[in-house]
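Everything below belongs to run20.pdb, which stores PDB, C-alpha atoms.
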ATOM      1  CA  MET A   1     -34.426 -12.308  17.392
ATOM      2  CA  MET A   2     -35.255 -11.597  13.760
ATOM      3  CA  GLU A   3     -33.895  -8.058  13.853
ATOM      4  CA  ILE A   4     -30.143  -8.262  13.413
ATOM      5  CA  GLY A   5     -28.457  -5.646  15.565
ATOM      6  CA  LEU A   6     -24.935  -4.659  16.442
ATOM      7  CA  THR A   7     -24.893  -7.145  19.325
ATOM      8  CA  HIS A   8     -25.397 -10.083  16.967
ATOM      9  CA  TYR A   9     -22.309  -9.154  14.989
ATOM     10  CA  LEU A  10     -20.269  -8.566  18.132
ATOM     11  CA  ILE A  11     -21.275 -11.980  19.501
ATOM     12  CA  LEU A  12     -20.281 -13.593  16.197
ATOM     13  CA  SER A  13     -16.975 -11.737  16.267
ATOM     14  CA  THR A  14     -16.335 -12.922  19.830
ATOM     15  CA  ILE A  15     -17.069 -16.542  18.907
ATOM     16  CA  LEU A  16     -14.686 -16.387  15.945
ATOM     17  CA  PHE A  17     -12.026 -14.696  18.066
ATOM     18  CA  SER A  18     -12.345 -17.458  20.673
ATOM     19  CA  ILE A  19     -11.953 -20.099  17.954
ATOM     20  CA  GLY A  20      -8.793 -18.328  16.829
ATOM     21  CA  LEU A  21      -7.487 -18.207  20.404
ATOM     22  CA  VAL A  22      -8.123 -21.938  20.809
ATOM     23  CA  GLY A  23      -6.139 -22.473  17.622
ATOM     24  CA  VAL A  24      -3.248 -20.393  18.925
ATOM     25  CA  MET A  25      -3.271 -22.394  22.167
ATOM     26  CA  ARG A  26      -3.326 -25.928  20.805
ATOM     27  CA  ARG A  27      -1.299 -25.747  17.587
ATOM     28  CA  LYS A  28       2.340 -26.778  17.435
ATOM     29  CA  ASN A  29       2.910 -26.483  13.700
ATOM     30  CA  LEU A  30       3.811 -22.894  12.831
ATOM     31  CA  LEU A  31       1.823 -22.890   9.583
ATOM     32  CA  MET A  32      -1.325 -23.833  11.536
ATOM     33  CA  LEU A  33      -0.496 -21.067  13.999
ATOM     34  CA  PHE A  34      -0.501 -18.594  11.098
ATOM     35  CA  PHE A  35      -3.968 -19.832  10.096
ATOM     36  CA  ALA A  36      -5.220 -19.148  13.619
ATOM     37  CA  THR A  37      -3.767 -15.628  13.412
ATOM     38  CA  GLU A  38      -5.694 -15.003  10.202
ATOM     39  CA  ILE A  39      -8.900 -16.067  11.984
ATOM     40  CA  LEU A  40      -8.196 -13.554  14.768
ATOM     41  CA  LEU A  41      -7.654 -10.707  12.302
ATOM     42  CA  ASN A  42     -10.803 -11.579  10.340
ATOM     43  CA  SER A  43     -13.017 -11.673  13.429
ATOM     44  CA  VAL A  44     -11.837  -8.187  14.344
ATOM     45  CA  ASN A  45     -12.600  -7.009  10.801
ATOM     46  CA  ILE A  46     -16.215  -8.172  11.146
ATOM     47  CA  SER A  47     -16.737  -6.118  14.283
ATOM     48  CA  PHE A  48     -15.097  -3.074  12.652
ATOM     49  CA  ALA A  49     -17.459  -3.279   9.668
ATOM     50  CA  ALA A  50     -20.502  -3.842  11.915
ATOM     51  CA  ILE A  51     -19.729  -0.832  14.115
ATOM     52  CA  SER A  52     -19.075   1.234  10.984
ATOM     53  CA  HIS A  53     -22.519   0.295   9.664
ATOM     54  CA  TYR A  54     -24.557   0.755  12.828
ATOM     55  CA  TYR A  55     -23.021   4.107  13.799
ATOM     56  CA  GLY A  56     -22.947   5.427  10.219
ATOM     57  CA  ASP A  57     -19.218   6.108  10.371
ATOM     58  CA  LEU A  58     -16.625   5.176   7.758
ATOM     59  CA  THR A  59     -13.688   5.033  10.174
ATOM     60  CA  GLY A  60     -14.325   1.376  10.997
ATOM     61  CA  GLN A  61     -14.036   0.377   7.355
ATOM     62  CA  MET A  62     -10.790   2.348   7.049
ATOM     63  CA  PHE A  63      -9.338   0.456   9.997
ATOM     64  CA  ALA A  64     -10.423  -2.821   8.428
ATOM     65  CA  PHE A  65      -8.540  -1.889   5.243
ATOM     66  CA  PHE A  66      -5.343  -1.238   7.157
ATOM     67  CA  VAL A  67      -5.775  -4.490   9.096
ATOM     68  CA  ILE A  68      -6.015  -6.345   5.770
ATOM     69  CA  ALA A  69      -2.868  -4.594   4.477
ATOM     70  CA  ILE A  70      -0.946  -5.520   7.636
ATOM     71  CA  ALA A  71      -2.170  -9.131   7.437
ATOM     72  CA  ALA A  72      -0.946  -9.392   3.837
ATOM     73  CA  SER A  73       2.544  -8.132   4.684
ATOM     74  CA  GLU A  74       2.661 -10.339   7.793
ATOM     75  CA  VAL A  75       2.002 -13.396   5.630
ATOM     76  CA  ALA A  76       4.749 -12.455   3.171
ATOM     77  CA  VAL A  77       7.430 -11.937   5.812
ATOM     78  CA  GLY A  78       6.271 -14.847   7.979
ATOM     79  CA  LEU A  79       6.289 -17.346   5.141
ATOM     80  CA  GLY A  80       9.747 -16.149   4.072
ATOM     81  CA  LEU A  81      11.094 -16.725   7.579
ATOM     82  CA  LEU A  82       9.334 -20.102   7.741
ATOM     83  CA  ILE A  83      10.940 -21.232   4.473
ATOM     84  CA  VAL A  84      14.386 -20.196   5.718
ATOM     85  CA  TRP A  85      13.814 -22.137   8.965
ATOM     86  CA  HIS A  86      12.532 -25.191   7.101
ATOM     87  CA  LYS A  87      15.565 -25.182   4.793
ATOM     88  CA  SER A  88      17.988 -25.371   7.700
ATOM     89  CA  HIS A  89      16.069 -27.554  10.207
ATOM     90  CA  ASN A  90      13.656 -29.604   8.063
ATOM     91  CA  ASN A  91      10.647 -28.986  10.314
ATOM     92  CA  ILE A  92       8.465 -26.108  11.448
ATOM     93  CA  ASP A  93       7.540 -27.254  14.933
ATOM     94  CA  LEU A  94       7.223 -24.598  17.559
ATOM     95  CA  GLU A  95       8.985 -26.538  20.296
ATOM     96  CA  GLN A  96      12.231 -26.704  18.360
ATOM     97  CA  MET A  97      12.355 -22.922  18.198
ATOM     98  CA  SER A  98      12.387 -22.435  21.957
ATOM     99  CA  THR A  99      16.069 -21.614  21.979
ATOM    100  CA  MET A 100      17.548 -18.562  20.297
ATOM    101  CA  LYS A 101      20.718 -20.424  19.332
ATOM    102  CA  GLY A 102      21.192 -20.396  15.530
TER     103      GLY A 102
ATOM    104  CA  MET B   1     -36.216 -11.135   7.299
ATOM    105  CA  PHE B   2     -33.766 -12.007   4.535
ATOM    106  CA  GLU B   3     -31.046 -10.225   6.442
ATOM    107  CA  ALA B   4     -31.666 -12.432   9.460
ATOM    108  CA  ILE B   5     -31.685 -15.620   7.368
ATOM    109  CA  ALA B   6     -28.464 -14.586   5.610
ATOM    110  CA  PHE B   7     -26.814 -13.614   8.884
ATOM    111  CA  TYR B   8     -27.575 -16.894  10.638
ATOM    112  CA  LEU B   9     -26.673 -18.984   7.588
ATOM    113  CA  PHE B  10     -23.317 -17.306   7.075
ATOM    114  CA  ALA B  11     -22.595 -17.180  10.801
ATOM    115  CA  PHE B  12     -23.097 -20.931  11.029
ATOM    116  CA  LEU B  13     -20.987 -21.576   7.926
ATOM    117  CA  THR B  14     -18.160 -19.297   9.047
ATOM    118  CA  ILE B  15     -17.996 -20.772  12.540
ATOM    119  CA  ALA B  16     -18.056 -24.314  11.131
ATOM    120  CA  MET B  17     -15.287 -23.562   8.608
ATOM    121  CA  PHE B  18     -13.011 -21.870  11.131
ATOM    122  CA  PHE B  19     -13.666 -24.647  13.645
ATOM    123  CA  ILE B  20     -12.508 -27.179  11.070
ATOM    124  CA  ALA B  21      -9.480 -25.029  10.262
ATOM    125  CA  VAL B  22      -8.485 -24.988  13.918
ATOM    126  CA  THR B  23      -9.173 -28.617  14.831
ATOM    127  CA  THR B  24      -8.225 -30.692  11.787
ATOM    128  CA  SER B  25      -4.934 -32.561  11.673
ATOM    129  CA  GLN B  26      -4.557 -32.287   7.900
ATOM    130  CA  ALA B  27      -2.847 -29.142   6.681
ATOM    131  CA  LEU B  28      -4.651 -29.162   3.335
ATOM    132  CA  TYR B  29      -8.092 -29.411   4.981
ATOM    133  CA  ALA B  30      -7.166 -26.483   7.198
ATOM    134  CA  LEU B  31      -6.093 -24.419   4.176
ATOM    135  CA  THR B  32      -9.232 -25.063   2.138
ATOM    136  CA  SER B  33     -11.637 -24.548   5.031
ATOM    137  CA  LEU B  34      -9.852 -21.316   5.942
ATOM    138  CA  ALA B  35     -10.225 -20.070   2.348
ATOM    139  CA  ALA B  36     -13.943 -20.945   2.412
ATOM    140  CA  GLY B  37     -14.358 -19.137   5.735
ATOM    141  CA  MET B  38     -12.726 -16.009   4.297
ATOM    142  CA  ILE B  39     -15.230 -15.957   1.423
ATOM    143  CA  PHE B  40     -18.138 -16.438   3.850
ATOM    144  CA  ILE B  41     -16.854 -13.516   5.918
ATOM    145  CA  SER B  42     -17.036 -11.254   2.864
ATOM    146  CA  ALA B  43     -20.791 -11.991   2.823
ATOM    147  CA  PHE B  44     -21.086 -10.168   6.166
ATOM    148  CA  PHE B  45     -19.391  -7.146   4.633
ATOM    149  CA  PHE B  46     -21.891  -7.140   1.763
ATOM    150  CA  ILE B  47     -24.798  -7.437   4.220
ATOM    151  CA  LEU B  48     -23.385  -4.511   6.203
ATOM    152  CA  GLY B  49     -23.178  -2.311   3.113
ATOM    153  CA  ALA B  50     -19.374  -2.274   2.976
ATOM    154  CA  ASP B  51     -19.222  -3.434  -0.637
ATOM    155  CA  PHE B  52     -15.657  -2.357  -1.326
ATOM    156  CA  LEU B  53     -14.406  -4.036   1.850
ATOM    157  CA  GLY B  54     -16.112  -7.263   0.819
ATOM    158  CA  ALA B  55     -14.491  -7.188  -2.610
ATOM    159  CA  VAL B  56     -11.102  -6.465  -1.044
ATOM    160  CA  GLN B  57     -11.648  -9.343   1.370
ATOM    161  CA  ILE B  58     -12.238 -11.783  -1.483
ATOM    162  CA  VAL B  59      -9.392 -10.468  -3.621
ATOM    163  CA  VAL B  60      -6.757 -10.106  -0.915
ATOM    164  CA  TYR B  61      -7.564 -12.980   1.444
ATOM    165  CA  SER B  62      -8.965 -15.702  -0.782
ATOM    166  CA  GLY B  63      -6.851 -14.602  -3.724
ATOM    167  CA  ALA B  64      -3.484 -13.416  -2.496
ATOM    168  CA  VAL B  65      -3.038 -14.710   1.049
ATOM    169  CA  MET B  66      -4.438 -18.178   0.425
ATOM    170  CA  ALA B  67      -2.455 -18.543  -2.814
ATOM    171  CA  LEU B  68       0.659 -17.521  -0.913
ATOM    172  CA  TYR B  69      -0.060 -20.138   1.757
ATOM    173  CA  ALA B  70      -0.660 -22.740  -0.942
ATOM    174  CA  PHE B  71       2.705 -21.930  -2.525
ATOM    175  CA  GLY B  72       4.365 -21.924   0.866
ATOM    176  CA  MET B  73       2.961 -25.348   1.685
ATOM    177  CA  MET B  74       4.809 -26.782  -1.315
ATOM    178  CA  PHE B  75       8.008 -26.203   0.654
ATOM    179  CA  PHE B  76       6.776 -28.062   3.719
ATOM    180  CA  ASP B  77       5.854 -31.653   4.364
ATOM    181  CA  THR B  78       2.056 -31.396   4.374
ATOM    182  CA  THR B  79       1.131 -35.050   3.997
ATOM    183  CA  ARG B  80       2.298 -35.774   7.531
ATOM    184  CA  ASP B  81      -0.337 -35.414  10.249
ATOM    185  CA  VAL B  82       0.048 -32.303  12.310
ATOM    186  CA  LYS B  83       0.867 -33.084  15.904
ATOM    187  CA  GLU B  84      -0.684 -30.955  18.605
ATOM    188  CA  SER B  85       1.015 -29.460  21.565
ATOM    189  CA  LYS B  86       0.319 -30.322  25.165
ATOM    190  CA  GLY B  87       0.216 -26.625  25.914
ATOM    191  CA  ASN B  88       1.681 -24.494  28.607
ATOM    192  CA  ASN B  89      -0.885 -24.160  31.420
ATOM    193  CA  LEU B  90       0.131 -20.603  32.242
ATOM    194  CA  ILE B  91      -0.410 -19.434  28.659
ATOM    195  CA  ILE B  92      -3.782 -21.186  28.435
ATOM    196  CA  VAL B  93      -5.012 -19.639  31.690
ATOM    197  CA  GLY B  94      -3.786 -16.210  30.646
ATOM    198  CA  LEU B  95      -5.401 -16.332  27.216
ATOM    199  CA  SER B  96      -8.680 -17.643  28.673
ATOM    200  CA  VAL B  97      -8.819 -14.767  31.172
ATOM    201  CA  LEU B  98      -8.059 -12.373  28.319
ATOM    202  CA  ALA B  99     -10.907 -13.842  26.252
ATOM    203  CA  ALA B 100     -13.339 -13.539  29.184
ATOM    204  CA  VAL B 101     -12.397  -9.890  29.737
ATOM    205  CA  LEU B 102     -12.810  -9.313  26.012
ATOM    206  CA  VAL B 103     -16.369 -10.679  26.067
ATOM    207  CA  VAL B 104     -17.308  -8.332  28.915
ATOM    208  CA  VAL B 105     -15.772  -5.328  27.150
ATOM    209  CA  ILE B 106     -17.496  -6.197  23.875
ATOM    210  CA  PHE B 107     -20.898  -6.275  25.560
ATOM    211  CA  ALA B 108     -20.258  -3.173  27.640
ATOM    212  CA  ALA B 109     -18.808  -0.971  24.897
ATOM    213  CA  PRO B 110     -22.018  -0.237  22.915
ATOM    214  CA  MET B 111     -23.859   0.671  26.150
ATOM    215  CA  VAL B 112     -21.167   3.151  27.141
ATOM    216  CA  ALA B 113     -20.949   4.681  23.667
ATOM    217  CA  ASP B 114     -24.595   5.733  23.344
ATOM    218  CA  ASN B 115     -24.017   9.353  22.394
ATOM    219  CA  ILE B 116     -21.350   8.704  19.784
ATOM    220  CA  THR B 117     -21.274  10.994  16.725
ATOM    221  CA  PRO B 118     -19.753   9.847  13.440
ATOM    222  CA  LEU B 119     -16.477  11.457  12.489
ATOM    223  CA  TYR B 120     -16.798  10.692   8.770
ATOM    224  CA  PRO B 121     -20.504   9.994   8.256
ATOM    225  CA  ILE B 122     -21.665   7.716   5.458
ATOM    226  CA  ALA B 123     -23.211  10.019   2.837
ATOM    227  CA  GLU B 124     -26.676   9.276   1.462
ATOM    228  CA  GLY B 125     -27.039   8.594  -2.255
ATOM    229  CA  VAL B 126     -23.310   8.001  -2.774
ATOM    230  CA  GLY B 127     -21.895   4.574  -3.433
ATOM    231  CA  ASN B 128     -19.797   2.874  -0.798
ATOM    232  CA  THR B 129     -16.733   2.692  -3.045
ATOM    233  CA  GLN B 130     -16.924   6.404  -3.803
ATOM    234  CA  SER B 131     -17.229   7.496  -0.182
ATOM    235  CA  VAL B 132     -14.445   5.119   0.858
ATOM    236  CA  GLY B 133     -12.217   6.613  -1.822
ATOM    237  CA  VAL B 134     -12.968  10.171  -0.747
ATOM    238  CA  VAL B 135     -12.199   9.481   2.911
ATOM    239  CA  LEU B 136      -9.155   7.326   2.129
ATOM    240  CA  PHE B 137      -7.524   9.923  -0.110
ATOM    241  CA  THR B 138      -8.286  12.954   2.055
ATOM    242  CA  LYS B 139      -8.274  12.054   5.755
ATOM    243  CA  TYR B 140      -6.223   8.850   5.618
ATOM    244  CA  LEU B 141      -3.738   9.746   2.874
ATOM    245  CA  ILE B 142      -0.595   9.494   5.023
ATOM    246  CA  PRO B 143      -1.520   6.133   6.608
ATOM    247  CA  PHE B 144      -2.350   4.914   3.100
ATOM    248  CA  GLU B 145       1.103   5.876   1.822
ATOM    249  CA  VAL B 146       2.788   4.386   4.878
ATOM    250  CA  ALA B 147       0.869   1.145   4.300
ATOM    251  CA  ALA B 148       2.098   1.163   0.691
ATOM    252  CA  VAL B 149       5.718   1.533   1.858
ATOM    253  CA  MET B 150       5.154  -1.243   4.413
ATOM    254  CA  LEU B 151       3.837  -3.579   1.717
ATOM    255  CA  LEU B 152       6.890  -2.771  -0.425
ATOM    256  CA  VAL B 153       9.200  -3.556   2.502
ATOM    257  CA  ALA B 154       7.343  -6.823   3.135
ATOM    258  CA  MET B 155       7.641  -7.783  -0.538
ATOM    259  CA  VAL B 156      11.382  -7.117  -0.589
ATOM    260  CA  ALA B 157      11.772  -9.041   2.683
ATOM    261  CA  GLY B 158       9.860 -12.005   1.279
ATOM    262  CA  ILE B 159      12.013 -12.076  -1.855
ATOM    263  CA  VAL B 160      15.250 -11.780   0.128
ATOM    264  CA  LEU B 161      14.275 -14.447   2.680
ATOM    265  CA  ALA B 162      12.729 -17.048   0.383
ATOM    266  CA  GLY B 163      14.726 -16.351  -2.757
ATOM    267  CA  LYS B 164      18.174 -17.504  -1.677
ATOM    268  CA  LYS B 165      19.797 -19.713  -4.322
ATOM    269  CA  MET B 166      16.811 -19.177  -6.597
ATOM    270  CA  ASP B 167      19.238 -18.471  -9.450
ATOM    271  CA  LEU B 168      20.354 -22.119  -9.302
ATOM    272  CA  SER B 169      18.314 -24.550 -11.383
ATOM    273  CA  LEU B 170      18.670 -28.290 -10.830
ATOM    274  CA  THR B 171      17.616 -29.064 -14.401
ATOM    275  CA  GLU B 172      20.355 -26.938 -15.942
ATOM    276  CA  MET B 173      23.190 -28.137 -13.697
ATOM    277  CA  SER B 174      25.393 -31.109 -14.440
ATOM    278  CA  ASP B 175      25.378 -34.145 -12.143
ATOM    279  CA  ALA B 176      28.772 -33.320 -10.660
ATOM    280  CA  GLU B 177      27.659 -29.828  -9.702
ATOM    281  CA  ILE B 178      24.514 -31.161  -8.007
ATOM    282  CA  ARG B 179      26.576 -33.698  -6.056
ATOM    283  CA  ASP B 180      28.941 -30.975  -4.904
ATOM    284  CA  MET B 181      26.004 -28.830  -3.786
ATOM    285  CA  ARG B 182      24.399 -31.684  -1.812
ATOM    286  CA  LEU B 183      27.721 -32.462  -0.151
ATOM    287  CA  GLU B 184      28.194 -28.850   0.858
ATOM    288  CA  LYS B 185      24.646 -28.662   2.225
ATOM    289  CA  ASN B 186      25.077 -31.831   4.285
ATOM    290  CA  LYS B 187      28.287 -30.457   5.705
ATOM    291  CA  LYS B 188      26.493 -27.272   6.736
ATOM    292  CA  VAL B 189      23.638 -29.179   8.394
ATOM    293  CA  LEU B 190      25.952 -31.549  10.248
ATOM    294  CA  SER B 191      28.295 -28.894  11.556
TER     295      SER B 191
END

Take the structure in this file and express it as structure tokens.
Amino acid sequence: MMEIGLTHYLILSTILFSIGLVGVMRRKNLLMLFFATEILLNSVNISFAAISHYYGDLTGQMFAFFVIAIAASEVAVGLGLLIVWHKSHNNIDLEQMSTMKG
Amino acid sequence: MFEAIAFYLFAFLTIAMFFIAVTTSQALYALTSLAAGMIFISAFFFILGADFLGAVQIVVYSGAVMALYAFGMMFFDTTRDVKESKGNNLIIVGLSVLAAVLVVVIFAAPMVADNITPLYPIAEGVGNTQSVGVVLFTKYLIPFEVAAVMLLVAMVAGIVLAGKKMDLSLTEMSDAEIRDMRLEKNKKVLS
């Protein structure tokens, strides 16, 4: 119990990932959906760093860096698209985007 | 001993913060609790000896991403309560099954991978930042450059998408011009 092993970090990562999944399931506002996506990416980063530490391998940390880079670019493009949508429709609800018509 | 205390403390704090971020109906509460959770996550990286990753986590997530969200929220109506969706049953069942499978895989993976050998072992007596730099600029140079190009593309896309009509300034325009612009916009929305 007092010795923190790899399993502890993986359990924590699973709990955080489940919280993120719950967020993806119940949110309707697209901005809140983005927040849930960030939680998913961060939980994966924790398990990457933990595996990197307990197996003495740097590859996990490298993957975590690239995940962070992808998350940053995702936010930039996603927020740009969200602003364009909000300018033309005045809301960012998910249900109004169900059709592909302009 | 201290590692265990720190782990449980930060695990509790992170889970609480992310739970608030997912369940609250106020967008500003969600933003601030998410930023706090990101900083608490960097504590795990410091505990695990990934110092550079922890610093990057604070700088990129709490600094850049959260600031970007905060600026983005100025465009949206954040004072209104966020309504929640009823949810599609099929999606919920599918994601729950996926999560259950994920738990099983997560617990099974370390048992299967007993005889794993590190590809780029962490060197003794060298700082984490130094070893990360050596591996990043030798073995992962091409992915690093591709990530740089991807960030550039994302930046240009963000400017192009969000920066339409940014050259217009309401304070420098005359009243007649503003009225014309509003009229034109209304016409576009109505049509």

Requested in this report: Using the chain letters and numbering of this document, enumerate as a ChimeraX atom specification the residues selected by the ChimeraX specification (/A :<7) & /B.
Outcome: /B:1,4,11,15,19,22,45,48,65,72,75,82-85,87,92,99,103,106,118-122,147,151,154-155,157-158,161-162,189

Query raised in the report: Using all atoms listed in the file, which of B:Ala16, B:Ala21, B:Met74, B:Met150 sits nearest Leu34 of chain B?
Result: B:Ala21

Query raised in the report: By how many Å are atom CA of Leu31 of chain B and atom CA of Met66 of chain B apart?
Result: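 Rounded to one decimal, the two atoms are 7.5 Å apart.
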
Report summary line: Taken to one decimal, the atom CA of Leu40 of chain A-atom CA of Val97 of chain B distance is 16.5 Å

Query raised in the report: Quick one: distance from atom CA of Ser42 of chain B to atom CA of Ala6 of chain B in Å, one decimal?
Result: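 Computing it gives 12.2 Å between the two atoms.
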